[in-house]
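The structure under discussion appears below in the form of structure tokens.
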Amino acid sequence: MTDSKETTIAGFDQLKDLIALWSSPITNGAGVAEDNVRRGQALAQDLQKILTDGYGEEMKAVLEGNEQIRRSFQDLLQIRQPHDLLAAQTEFLALVMERVSQRAKRWSETSQKIGDCCCATANEAADEMRRQAVESQK
């Protein structure tokens, strides 16, 4: 869980740095502002796709998980022997824990994708700034 939290924090830090980069003074005219807007739009589209995909995966998993939990709970209600009760309870708890684990993994993967997206956008902006710096020295 710590890795997921650290990944999320790193992703937000990268996004914060990216936003700070866009607020830097414009030295090479209006083209820089247009490039920043274009990069911002591309970042927003990429983030929207990542989050939409993540939400879709989450909803699919929730529906599947709810069905499995419903069946497991029905099995629990149909128990006739005391020794079967412990096995059914254990199976039910294992199912719930498995769902929680899978959910944490999905969110960790989504956080990683967000961080990668922000990194790529920041790298693109940095490359563009270097290119402009070289051009201004000529």
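By order in the structure tokens, chains are A, B, ...; within a chain, residues start at 1; ligands start at 1, following the order shown.
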Quick one: everything within 12 Å of A:Ala42, counting only C-alpha atoms, minus sequence neighbours fewer than 2 positions away in the same chain. Send it as a PyMOL selection string.
chain A and resi 35-40+44-49+117-118+120-122+124
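Considering the residues A:Asp3, A:Asp53, A:Glu91, A:Glu109 and counting only C-alpha atoms, A:Leu76 has its shortest atom-to-atom contact with A:Glu91.
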Name all residues at most 12 Å from A:Leu85 (count only C-alpha atoms; drop same-chain ones fewer than 6 positions away) and give them as a list of chain:residue names.
A:Ser72, A:Phe73, A:Asp75, A:Leu76, A:Leu77, A:Gln78, A:Ile79, A:Glu91, A:Phe92
Grab the residues selected above and save them as a PDB file, in the first residue's frame with C-alpha atoms.
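Once written, selection26.pdb looks like this:
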ATOM      1  CA  SER A  72     -20.854 -16.915  -1.653  1.00  0.00           C
ATOM      2  CA  PHE A  73     -23.335 -15.321   0.744  1.00  0.00           C
ATOM      3  CA  ASP A  75     -23.908 -20.572   0.045  1.00  0.00           C
ATOM      4  CA  LEU A  76     -23.314 -19.292   3.567  1.00  0.00           C
ATOM      5  CA  LEU A  77     -27.070 -19.086   4.215  1.00  0.00           C
ATOM      6  CA  GLN A  78     -27.641 -22.650   3.021  1.00  0.00           C
ATOM      7  CA  ILE A  79     -25.255 -24.254   5.509  1.00  0.00           C
ATOM      8  CA  GLU A  91     -14.229 -18.603   1.751  1.00  0.00           C
ATOM      9  CA  PHE A  92     -16.385 -15.476   1.986  1.00  0.00           C
TER      10      PHE A  92
END
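Distances from A:Val62, A:Gln112, A:Ile69, A:Trp107 to A:Leu95 were compared using only C-alpha atoms, and the smallest one belongs to A:Ile69.
We find atom CA of A:Arg106 and atom CA of A:Glu58 to be spaced 7.6 Å apart.
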